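Enquirer: my_file.pdb (PDB, N, CA and C atoms) pasted underneath:
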```
ATOM      1  N   MET A 370      29.850  16.487 103.399
ATOM      2  CA  MET A 370      29.905  16.990 102.047
ATOM      3  C   MET A 370      29.443  15.896 101.093
ATOM      4  N   GLY A 371      28.652  16.275 100.063
ATOM      5  CA  GLY A 371      28.089  15.304  99.141
ATOM      6  C   GLY A 371      29.086  14.824  98.106
ATOM      7  N   LYS A 372      28.677  13.787  97.404
ATOM      8  CA  LYS A 372      29.511  13.241  96.339
ATOM      9  C   LYS A 372      29.464  14.162  95.127
ATOM     10  N   HIS A 373      30.524  14.159  94.372
ATOM     11  CA  HIS A 373      30.573  14.918  93.123
ATOM     12  C   HIS A 373      30.674  13.928  91.976
ATOM     13  N   HIS A 374      29.777  14.092  91.018
ATOM     14  CA  HIS A 374      29.775  13.204  89.856
ATOM     15  C   HIS A 374      30.191  14.007  88.629
ATOM     16  N   ASP A 375      30.907  13.349  87.734
ATOM     17  CA  ASP A 375      31.359  14.054  86.534
ATOM     18  C   ASP A 375      30.200  14.244  85.555
ATOM     19  N   LYS A 376      30.438  15.095  84.589
ATOM     20  CA  LYS A 376      29.424  15.474  83.607
ATOM     21  C   LYS A 376      28.893  14.259  82.843
ATOM     22  N   ASP A 377      29.769  13.374  82.439
ATOM     23  CA  ASP A 377      29.358  12.191  81.680
ATOM     24  C   ASP A 377      28.405  11.302  82.478
ATOM     25  N   PHE A 378      28.658  11.181  83.762
ATOM     26  CA  PHE A 378      27.791  10.371  84.622
ATOM     27  C   PHE A 378      26.398  10.996  84.706
ATOM     28  N   LYS A 379      26.346  12.314  84.830
ATOM     29  CA  LYS A 379      25.060  13.017  84.919
ATOM     30  C   LYS A 379      24.272  12.867  83.623
ATOM     31  N   ILE A 380      24.955  12.998  82.501
ATOM     32  CA  ILE A 380      24.305  12.837  81.193
ATOM     33  C   ILE A 380      23.800  11.407  81.035
ATOM     34  N   TYR A 381      24.615  10.459  81.421
ATOM     35  CA  TYR A 381      24.239   9.050  81.340
ATOM     36  C   TYR A 381      22.967   8.792  82.146
ATOM     37  N   ALA A 382      22.916   9.293  83.355
ATOM     38  CA  ALA A 382      21.757   9.079  84.214
ATOM     39  C   ALA A 382      20.507   9.735  83.617
ATOM     40  N   ALA A 383      20.645  10.962  83.125
ATOM     41  CA  ALA A 383      19.507  11.665  82.535
ATOM     42  C   ALA A 383      18.994  10.930  81.301
ATOM     43  N   ARG A 384      19.912  10.436  80.478
ATOM     44  CA  ARG A 384      19.512   9.725  79.263
ATOM     45  C   ARG A 384      18.817   8.404  79.586
ATOM     46  N   LEU A 385      19.227   7.751  80.653
ATOM     47  CA  LEU A 385      18.555   6.508  81.043
ATOM     48  C   LEU A 385      17.078   6.759  81.336
ATOM     49  N   VAL A 386      16.788   7.888  81.948
ATOM     50  CA  VAL A 386      15.397   8.214  82.264
ATOM     51  C   VAL A 386      14.658   8.680  81.009
ATOM     52  N   LEU A 387      15.248   9.618  80.286
ATOM     53  CA  LEU A 387      14.546  10.237  79.163
ATOM     54  C   LEU A 387      14.471   9.361  77.914
ATOM     55  N   GLU A 388      15.530   8.654  77.610
ATOM     56  CA  GLU A 388      15.576   7.924  76.355
ATOM     57  C   GLU A 388      15.286   6.435  76.498
ATOM     58  N   GLU A 389      15.550   5.896  77.659
ATOM     59  CA  GLU A 389      15.312   4.465  77.844
ATOM     60  C   GLU A 389      14.128   4.175  78.751
ATOM     61  N   GLY A 390      13.511   5.231  79.267
ATOM     62  CA  GLY A 390      12.293   5.059  80.045
ATOM     63  C   GLY A 390      12.474   4.513  81.444
ATOM     64  N   ARG A 391      13.668   4.633  81.982
ATOM     65  CA  ARG A 391      13.881   4.158  83.359
ATOM     66  C   ARG A 391      13.116   5.062  84.316
ATOM     67  N   LYS A 392      12.648   4.488  85.410
ATOM     68  CA  LYS A 392      11.923   5.258  86.420
ATOM     69  C   LYS A 392      12.929   5.984  87.303
ATOM     70  N   PRO A 393      12.727   7.301  87.505
ATOM     71  CA  PRO A 393      13.686   8.093  88.287
ATOM     72  C   PRO A 393      13.915   7.544  89.694
ATOM     73  N   ARG A 394      12.858   7.103  90.350
ATOM     74  CA  ARG A 394      12.998   6.621  91.727
ATOM     75  C   ARG A 394      13.902   5.389  91.782
ATOM     76  N   GLU A 395      13.647   4.444  90.879
ATOM     77  CA  GLU A 395      14.449   3.215  90.862
ATOM     78  C   GLU A 395      15.895   3.506  90.472
ATOM     79  N   LEU A 396      16.080   4.365  89.477
ATOM     80  CA  LEU A 396      17.430   4.680  89.025
ATOM     81  C   LEU A 396      18.208   5.423  90.110
ATOM     82  N   ALA A 397      17.545   6.349  90.794
ATOM     83  CA  ALA A 397      18.212   7.090  91.866
ATOM     84  C   ALA A 397      18.701   6.134  92.956
ATOM     85  N   GLU A 398      17.860   5.163  93.303
ATOM     86  CA  GLU A 398      18.271   4.174  94.309
ATOM     87  C   GLU A 398      19.449   3.350  93.796
ATOM     88  N   GLU A 399      19.362   2.939  92.535
ATOM     89  CA  GLU A 399      20.416   2.117  91.943
ATOM     90  C   GLU A 399      21.758   2.853  91.888
ATOM     91  N   LEU A 400      21.706   4.145  91.571
ATOM     92  CA  LEU A 400      22.926   4.939  91.452
ATOM     93  C   LEU A 400      23.348   5.568  92.775
ATOM     94  N   ASN A 401      22.532   5.366  93.802
ATOM     95  CA  ASN A 401      22.815   5.899  95.133
ATOM     96  C   ASN A 401      22.895   7.430  95.129
ATOM     97  N   ILE A 402      21.889   8.032  94.498
ATOM     98  CA  ILE A 402      21.751   9.496  94.502
ATOM     99  C   ILE A 402      20.321   9.831  94.894
ATOM    100  N   SER A 403      20.087  11.081  95.263
ATOM    101  CA  SER A 403      18.730  11.460  95.649
ATOM    102  C   SER A 403      17.874  11.702  94.402
ATOM    103  N   ILE A 404      16.580  11.541  94.573
ATOM    104  CA  ILE A 404      15.656  11.769  93.455
ATOM    105  C   ILE A 404      15.701  13.224  93.000
ATOM    106  N   PRO A 405      15.690  14.209  93.919
ATOM    107  CA  PRO A 405      15.783  15.599  93.455
ATOM    108  C   PRO A 405      17.065  15.877  92.654
ATOM    109  N   THR A 406      18.160  15.258  93.032
ATOM    110  CA  THR A 406      19.413  15.443  92.291
ATOM    111  C   THR A 406      19.260  14.908  90.874
ATOM    112  N   LEU A 407      18.692  13.708  90.758
ATOM    113  CA  LEU A 407      18.482  13.119  89.437
ATOM    114  C   LEU A 407      17.546  13.985  88.601
ATOM    115  N   ARG A 408      16.484  14.463  89.205
ATOM    116  CA  ARG A 408      15.541  15.319  88.464
ATOM    117  C   ARG A 408      16.222  16.613  88.006
ATOM    118  N   ASN A 409      17.098  17.145  88.823
ATOM    119  CA  ASN A 409      17.852  18.341  88.450
ATOM    120  C   ASN A 409      18.728  18.046  87.232
ATOM    121  N   TRP A 410      19.407  16.915  87.233
ATOM    122  CA  TRP A 410      20.247  16.530  86.102
ATOM    123  C   TRP A 410      19.406  16.377  84.834
ATOM    124  N   ILE A 411      18.205  15.786  84.996
ATOM    125  CA  ILE A 411      17.306  15.598  83.850
ATOM    126  C   ILE A 411      16.890  16.944  83.292
ATOM    127  N   ASN A 412      16.516  17.880  84.169
ATOM    128  CA  ASN A 412      16.093  19.208  83.709
ATOM    129  C   ASN A 412      17.223  19.941  82.998
ATOM    130  N   ILE A 413      18.414  19.848  83.529
ATOM    131  CA  ILE A 413      19.571  20.481  82.890
ATOM    132  C   ILE A 413      19.820  19.853  81.525
ATOM    133  N   TYR A 414      19.746  18.529  81.463
ATOM    134  CA  TYR A 414      19.944  17.818  80.194
ATOM    135  C   TYR A 414      18.910  18.272  79.159
ATOM    136  N   LYS A 415      17.645  18.392  79.586
ATOM    137  CA  LYS A 415      16.582  18.840  78.672
ATOM    138  C   LYS A 415      16.869  20.243  78.159
ATOM    139  N   GLU A 416      17.252  21.149  79.053
ATOM    140  CA  GLU A 416      17.532  22.534  78.661
ATOM    141  C   GLU A 416      18.674  22.602  77.648
ATOM    142  N   ILE A 417      19.727  21.869  77.902
ATOM    143  CA  ILE A 417      20.883  21.876  77.002
ATOM    144  C   ILE A 417      20.484  21.332  75.641
ATOM    145  N   ASN A 418      19.720  20.254  75.617
ATOM    146  CA  ASN A 418      19.331  19.658  74.343
ATOM    147  C   ASN A 418      18.321  20.504  73.594
ATOM    148  N   GLU A 419      17.467  21.249  74.294
ATOM    149  CA  GLU A 419      16.545  22.153  73.613
ATOM    150  C   GLU A 419      17.313  23.258  72.910
ATOM    151  N   VAL A 420      18.350  23.771  73.543
ATOM    152  CA  VAL A 420      19.182  24.803  72.918
ATOM    153  C   VAL A 420      19.877  24.219  71.703
ATOM    154  N   ASP A 421      20.411  23.002  71.825
ATOM    155  CA  ASP A 421      21.075  22.350  70.695
ATOM    156  C   ASP A 421      20.110  22.110  69.553
ATOM    157  N   LEU A 422      18.864  21.699  69.879
ATOM    158  CA  LEU A 422      17.884  21.456  68.834
ATOM    159  C   LEU A 422      17.508  22.761  68.138
ATOM    160  N   ALA A 423      17.384  23.838  68.896
ATOM    161  CA  ALA A 423      17.062  25.130  68.293
ATOM    162  C   ALA A 423      18.183  25.572  67.359
ATOM    163  N   ASP A 424      19.425  25.360  67.760
ATOM    164  CA  ASP A 424      20.559  25.716  66.920
ATOM    165  C   ASP A 424      20.624  24.846  65.680
ATOM    166  N   SER A 425      20.254  23.571  65.815
ATOM    167  CA  SER A 425      20.353  22.654  64.688
ATOM    168  C   SER A 425      19.110  22.678  63.812
ATOM    169  N   SER A 426      18.117  23.538  64.136
ATOM    170  CA  SER A 426      16.927  23.610  63.299
ATOM    171  C   SER A 426      17.234  24.235  61.948
ATOM    172  N   LYS A 427      18.375  24.860  61.834
ATOM    173  CA  LYS A 427      18.830  25.357  60.544
ATOM    174  C   LYS A 427      19.615  24.252  59.866
ATOM    175  N   GLY A 428      19.305  24.007  58.606
ATOM    176  CA  GLY A 428      19.967  22.940  57.866
ATOM    177  C   GLY A 428      21.374  23.337  57.466
ATOM    178  N   PHE A 429      22.004  22.488  56.682
ATOM    179  CA  PHE A 429      23.365  22.747  56.228
ATOM    180  C   PHE A 429      23.422  23.994  55.356
ATOM    181  N   SER A 430      22.334  24.284  54.684
ATOM    182  CA  SER A 430      22.319  25.437  53.783
ATOM    183  C   SER A 430      22.104  26.748  54.529
ATOM    184  N   GLY A 431      21.814  26.683  55.818
ATOM    185  CA  GLY A 431      21.579  27.883  56.605
ATOM    186  C   GLY A 431      20.118  28.310  56.584
ATOM    187  N   LEU A 432      19.268  27.567  55.880
ATOM    188  CA  LEU A 432      17.851  27.874  55.830
ATOM    189  C   LEU A 432      17.140  27.165  56.969
ATOM    190  N   SER A 433      16.008  27.718  57.383
ATOM    191  CA  SER A 433      15.223  27.015  58.390
ATOM    192  C   SER A 433      14.623  25.776  57.743
ATOM    193  N   LEU A 434      14.126  24.868  58.546
ATOM    194  CA  LEU A 434      13.559  23.635  58.011
ATOM    195  C   LEU A 434      12.396  23.929  57.062
ATOM    196  N   LYS A 435      11.546  24.886  57.414
ATOM    197  CA  LYS A 435      10.409  25.222  56.560
ATOM    198  C   LYS A 435      10.895  25.782  55.226
ATOM    199  N   GLU A 436      11.866  26.681  55.281
ATOM    200  CA  GLU A 436      12.390  27.249  54.045
ATOM    201  C   GLU A 436      13.030  26.177  53.177
ATOM    202  N   GLU A 437      13.735  25.261  53.827
ATOM    203  CA  GLU A 437      14.387  24.187  53.088
ATOM    204  C   GLU A 437      13.346  23.270  52.436
ATOM    205  N   LYS A 438      12.284  22.945  53.161
ATOM    206  CA  LYS A 438      11.219  22.119  52.596
ATOM    207  C   LYS A 438      10.538  22.835  51.432
ATOM    208  N   ASP A 439      10.275  24.121  51.608
ATOM    209  CA  ASP A 439       9.649  24.892  50.536
ATOM    210  C   ASP A 439      10.519  24.896  49.284
ATOM    211  N   LYS A 440      11.822  25.026  49.452
ATOM    212  CA  LYS A 440      12.744  25.024  48.318
ATOM    213  C   LYS A 440      12.724  23.668  47.619
ATOM    214  N   ILE A 441      12.717  22.592  48.385
ATOM    215  CA  ILE A 441      12.677  21.245  47.804
ATOM    216  C   ILE A 441      11.379  21.049  47.030
ATOM    217  N   ILE A 442      10.267  21.488  47.597
ATOM    218  CA  ILE A 442       8.971  21.362  46.915
ATOM    219  C   ILE A 442       8.986  22.131  45.609
ATOM    220  N   LYS A 443       9.502  23.350  45.631
ATOM    221  CA  LYS A 443       9.565  24.167  44.416
ATOM    222  C   LYS A 443      10.428  23.486  43.356
ATOM    223  N   ASP A 444      11.581  22.967  43.754
ATOM    224  CA  ASP A 444      12.465  22.277  42.814
ATOM    225  C   ASP A 444      11.782  21.059  42.212
ATOM    226  N   LEU A 445      11.075  20.303  43.029
ATOM    227  CA  LEU A 445      10.386  19.120  42.531
ATOM    228  C   LEU A 445       9.241  19.489  41.588
ATOM    229  N   GLN A 446       8.542  20.578  41.881
ATOM    230  CA  GLN A 446       7.469  21.031  41.000
ATOM    231  C   GLN A 446       8.032  21.432  39.639
ATOM    232  N   GLU A 447       9.164  22.142  39.635
ATOM    233  CA  GLU A 447       9.800  22.522  38.376
ATOM    234  C   GLU A 447      10.236  21.294  37.590
ATOM    235  N   GLU A 448      10.823  20.337  38.272
ATOM    236  CA  GLU A 448      11.260  19.105  37.613
ATOM    237  C   GLU A 448      10.067  18.362  37.022
ATOM    238  N   ASN A 449       8.960  18.332  37.755
ATOM    239  CA  ASN A 449       7.741  17.675  37.283
ATOM    240  C   ASN A 449       7.220  18.347  36.013
ATOM    241  N   GLU A 450       7.239  19.675  35.986
ATOM    242  CA  GLU A 450       6.786  20.409  34.791
ATOM    243  C   GLU A 450       7.672  20.090  33.589
ATOM    244  N   ILE A 451       8.968  20.016  33.787
ATOM    245  CA  ILE A 451       9.904  19.690  32.697
ATOM    246  C   ILE A 451       9.616  18.286  32.169
ATOM    247  N   LEU A 452       9.390  17.351  33.060
ATOM    248  CA  LEU A 452       9.090  15.980  32.640
ATOM    249  C   LEU A 452       7.770  15.896  31.879
ATOM    250  N   LYS A 453       6.778  16.664  32.311
ATOM    251  CA  LYS A 453       5.496  16.687  31.596
ATOM    252  C   LYS A 453       5.686  17.201  30.170
ATOM    253  N   LYS A 454       6.465  18.279  30.016
ATOM    254  CA  LYS A 454       6.722  18.839  28.685
ATOM    255  C   LYS A 454       7.471  17.830  27.820
ATOM    256  N   ALA A 455       8.451  17.148  28.394
ATOM    257  CA  ALA A 455       9.203  16.150  27.646
ATOM    258  C   ALA A 455       8.284  15.003  27.215
ATOM    259  N   MET A 456       7.383  14.589  28.078
ATOM    260  CA  MET A 456       6.452  13.517  27.754
ATOM    261  C   MET A 456       5.583  13.914  26.568
ATOM    262  N   HIS A 457       5.082  15.147  26.552
ATOM    263  CA  HIS A 457       4.250  15.614  25.433
ATOM    264  C   HIS A 457       5.038  15.667  24.139
ATOM    265  N   ILE A 458       6.305  16.034  24.177
ATOM    266  CA  ILE A 458       7.147  16.061  22.995
ATOM    267  C   ILE A 458       7.316  14.661  22.426
ATOM    268  N   PHE A 459       7.569  13.683  23.289
ATOM    269  CA  PHE A 459       7.759  12.300  22.829
ATOM    270  C   PHE A 459       6.448  11.693  22.301
ATOM    271  N   ILE A 460       5.318  12.082  22.859
ATOM    272  CA  ILE A 460       4.031  11.561  22.415
ATOM    273  C   ILE A 460       3.702  12.102  21.034
ATOM    274  N   LYS A 461       4.026  13.349  20.735
ATOM    275  CA  LYS A 461       3.675  14.001  19.476
ATOM    276  C   LYS A 461       4.571  13.554  18.314
ATOM    277  N   GLN A 462       5.719  12.991  18.573
ATOM    278  CA  GLN A 462       6.632  12.584  17.498
ATOM    279  C   GLN A 462       6.035  11.409  16.721
ATOM    280  N   PRO A 463       6.148  11.479  15.379
ATOM    281  CA  PRO A 463       5.617  10.355  14.576
ATOM    282  C   PRO A 463       6.419   9.096  14.771
ATOM    283  N   LYS A 464       5.760   7.973  14.631
ATOM    284  CA  LYS A 464       6.407   6.689  14.847
ATOM    285  C   LYS A 464       7.047   6.168  13.615
TER
END
```
Translate this structure into structure tokens?

Expert:
Amino acid sequence: MGKHHDKDFKIYAARLVLEEGRKPRELAEELNISIPTLRNWINIYKEINEVDLADSSKGFSGLSLKEEKDKIIKDLQEENEILKKAMHIFIKQPK
């Protein structure tokens, strides 16, 4: 019967490959696990994080990233127009 590793160990191993650039073959030897097992952990880690990224693509306001960017751009454009009008008012005032 094979060894059983806890979830944290599997995540740690997957992150070493994906985020720190460790080579799967060398890491598998170092951790005394098979390469296919490590690759399986990496694939599972990727799938879980893709789901998390898809869920987190909505900002705090509940808008998608594109909608949120569009709203920020619109707000900044309005602010810019207000500042332009204020500048013209100050320029026209007699000294």

Enquirer: So how many Å separate atom N of Lys379 in chain A and atom C of Trp410 in chain A, to one decimal?

Expert: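 One can read the atom N of Lys379 in chain A to atom C of Trp410 in chain A distance as 8.0 Å.
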
Enquirer: Run the PyMOL selection byres (((chain A and resi 372 and name CA) around 12) and name CA) on the file and write out the hits as an MDAnalysis selection string.

Expert: chainID A and resid 370:371 373:375 400:403 406

Enquirer: Given 5 Å on each side, where is the centre and what are the edge lengths in Å to one decimal of the axis-aligned box enclosing the listed atoms of range 382-389 of chain A, as AutoDock Vina command-line options?

Expert:
```
--center_x 18.5 --center_y 7.9 --center_z 80.3 --size_x 18.8 --size_y 17.5 --size_z 17.9
```

Enquirer: Between CA of Ile413 in chain A and CA of Ala397 in chain A, what is the distance, to one decimal in Å?

Expert: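 CA of Ala397 in chain A lies 16.2 Å from CA of Ile413 in chain A.
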
Enquirer: For a quick check of understanding, using only N, CA and C atoms, which of A:Tyr414, A:Leu445, A:Lys392, A:Glu419 has the smallest distance to Ile380 in chain A?

Expert: A:Tyr414

Enquirer: One number please: atom N of Ile458 in chain A to CA of Ile441 in chain A, in Å, one decimal.

Expert: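 Between these atoms lies a distance of 25.0 Å.
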
Enquirer: Find the residues near range 382-386 of chain A: any atom within 8 Å, counting only N, CA and C atoms, skip ones fewer than 5 places away on the same chain, and give them as number ranges by chain.

Expert: A: 376-377, 391-393, 396, 407-412, 414-415

Enquirer: Got a minute to add all heavy atoms to range 438-449 of chain A and dump it as a JSON list (two decimals), in the coordinates of the input?

Expert:
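The resulting file, out-v2.json, is reproduced below:
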```json
[["chain", "number", "residue", "atom", "x", "y", "z"],
["A", 438, "LYS", "N", 12.28, 22.94, 53.16],
["A", 438, "LYS", "CA", 11.22, 22.12, 52.60],
["A", 438, "LYS", "C", 10.54, 22.84, 51.43],
["A", 438, "LYS", "O", 10.25, 22.22, 50.41],
["A", 438, "LYS", "CB", 10.19, 21.77, 53.67],
["A", 438, "LYS", "CG", 10.67, 20.77, 54.68],
["A", 438, "LYS", "CD", 9.61, 20.51, 55.73],
["A", 438, "LYS", "CE", 10.11, 19.60, 56.81],
["A", 438, "LYS", "NZ", 9.11, 19.40, 57.87],
["A", 439, "ASP", "N", 10.28, 24.12, 51.61],
["A", 439, "ASP", "CA", 9.65, 24.89, 50.54],
["A", 439, "ASP", "C", 10.52, 24.90, 49.28],
["A", 439, "ASP", "O", 10.02, 24.78, 48.17],
["A", 439, "ASP", "CB", 9.37, 26.33, 50.98],
["A", 439, "ASP", "CG", 8.26, 26.41, 52.03],
["A", 439, "ASP", "OD1", 7.50, 25.43, 52.17],
["A", 439, "ASP", "OD2", 8.17, 27.46, 52.70],
["A", 440, "LYS", "N", 11.82, 25.03, 49.45],
["A", 440, "LYS", "CA", 12.74, 25.02, 48.32],
["A", 440, "LYS", "C", 12.72, 23.67, 47.62],
["A", 440, "LYS", "O", 12.69, 23.59, 46.39],
["A", 440, "LYS", "CB", 14.16, 25.36, 48.77],
["A", 440, "LYS", "CG", 15.17, 25.44, 47.64],
["A", 440, "LYS", "CD", 16.56, 25.73, 48.16],
["A", 440, "LYS", "CE", 17.59, 25.83, 47.08],
["A", 440, "LYS", "NZ", 17.56, 24.84, 46.04],
["A", 441, "ILE", "N", 12.72, 22.59, 48.38],
["A", 441, "ILE", "CA", 12.68, 21.24, 47.80],
["A", 441, "ILE", "C", 11.38, 21.05, 47.03],
["A", 441, "ILE", "O", 11.39, 20.52, 45.91],
["A", 441, "ILE", "CB", 12.84, 20.17, 48.90],
["A", 441, "ILE", "CG1", 14.26, 20.22, 49.47],
["A", 441, "ILE", "CG2", 12.51, 18.78, 48.37],
["A", 441, "ILE", "CD1", 14.47, 19.38, 50.71],
["A", 442, "ILE", "N", 10.27, 21.49, 47.60],
["A", 442, "ILE", "CA", 8.97, 21.36, 46.92],
["A", 442, "ILE", "C", 8.99, 22.13, 45.61],
["A", 442, "ILE", "O", 8.56, 21.62, 44.57],
["A", 442, "ILE", "CB", 7.82, 21.84, 47.84],
["A", 442, "ILE", "CG1", 7.63, 20.83, 48.98],
["A", 442, "ILE", "CG2", 6.53, 22.01, 47.04],
["A", 442, "ILE", "CD1", 6.69, 21.29, 50.06],
["A", 443, "LYS", "N", 9.50, 23.35, 45.63],
["A", 443, "LYS", "CA", 9.56, 24.17, 44.42],
["A", 443, "LYS", "C", 10.43, 23.49, 43.36],
["A", 443, "LYS", "O", 10.05, 23.41, 42.17],
["A", 443, "LYS", "CB", 10.12, 25.55, 44.75],
["A", 443, "LYS", "CG", 10.16, 26.48, 43.57],
["A", 443, "LYS", "CD", 10.70, 27.85, 43.97],
["A", 443, "LYS", "CE", 10.80, 28.72, 42.74],
["A", 443, "LYS", "NZ", 12.13, 29.20, 42.50],
["A", 444, "ASP", "N", 11.58, 22.97, 43.75],
["A", 444, "ASP", "CA", 12.46, 22.28, 42.81],
["A", 444, "ASP", "C", 11.78, 21.06, 42.21],
["A", 444, "ASP", "O", 11.89, 20.80, 41.00],
["A", 444, "ASP", "CB", 13.76, 21.86, 43.50],
["A", 444, "ASP", "CG", 14.65, 23.04, 43.87],
["A", 444, "ASP", "OD1", 14.43, 24.16, 43.35],
["A", 444, "ASP", "OD2", 15.58, 22.85, 44.69],
["A", 445, "LEU", "N", 11.08, 20.30, 43.03],
["A", 445, "LEU", "CA", 10.39, 19.12, 42.53],
["A", 445, "LEU", "C", 9.24, 19.49, 41.59],
["A", 445, "LEU", "O", 9.00, 18.80, 40.59],
["A", 445, "LEU", "CB", 9.87, 18.27, 43.70],
["A", 445, "LEU", "CG", 10.93, 17.54, 44.51],
["A", 445, "LEU", "CD1", 10.32, 16.89, 45.75],
["A", 445, "LEU", "CD2", 11.63, 16.50, 43.66],
["A", 446, "GLN", "N", 8.54, 20.58, 41.88],
["A", 446, "GLN", "CA", 7.47, 21.03, 41.00],
["A", 446, "GLN", "C", 8.03, 21.43, 39.64],
["A", 446, "GLN", "O", 7.45, 21.10, 38.60],
["A", 446, "GLN", "CB", 6.70, 22.20, 41.63],
["A", 446, "GLN", "CG", 5.81, 21.77, 42.78],
["A", 446, "GLN", "CD", 5.21, 22.95, 43.53],
["A", 446, "GLN", "OE1", 5.76, 24.05, 43.55],
["A", 446, "GLN", "NE2", 4.07, 22.70, 44.17],
["A", 447, "GLU", "N", 9.16, 22.14, 39.64],
["A", 447, "GLU", "CA", 9.80, 22.52, 38.38],
["A", 447, "GLU", "C", 10.24, 21.29, 37.59],
["A", 447, "GLU", "O", 10.03, 21.21, 36.38],
["A", 447, "GLU", "CB", 11.00, 23.44, 38.64],
["A", 447, "GLU", "CG", 10.63, 24.82, 39.11],
["A", 447, "GLU", "CD", 11.84, 25.67, 39.47],
["A", 447, "GLU", "OE1", 12.99, 25.22, 39.26],
["A", 447, "GLU", "OE2", 11.64, 26.79, 39.97],
["A", 448, "GLU", "N", 10.82, 20.34, 38.27],
["A", 448, "GLU", "CA", 11.26, 19.10, 37.61],
["A", 448, "GLU", "C", 10.07, 18.36, 37.02],
["A", 448, "GLU", "O", 10.13, 17.84, 35.90],
["A", 448, "GLU", "CB", 11.98, 18.22, 38.63],
["A", 448, "GLU", "CG", 12.57, 16.95, 38.04],
["A", 448, "GLU", "CD", 13.33, 16.13, 39.07],
["A", 448, "GLU", "OE1", 13.88, 16.71, 40.02],
["A", 448, "GLU", "OE2", 13.35, 14.90, 38.90],
["A", 449, "ASN", "N", 8.96, 18.33, 37.76],
["A", 449, "ASN", "CA", 7.74, 17.68, 37.28],
["A", 449, "ASN", "C", 7.22, 18.35, 36.01],
["A", 449, "ASN", "O", 6.82, 17.67, 35.06],
["A", 449, "ASN", "CB", 6.69, 17.70, 38.39],
["A", 449, "ASN", "CG", 5.54, 16.76, 38.12],
["A", 449, "ASN", "OD1", 5.67, 15.80, 37.38],
["A", 449, "ASN", "ND2", 4.40, 17.05, 38.75]]
```
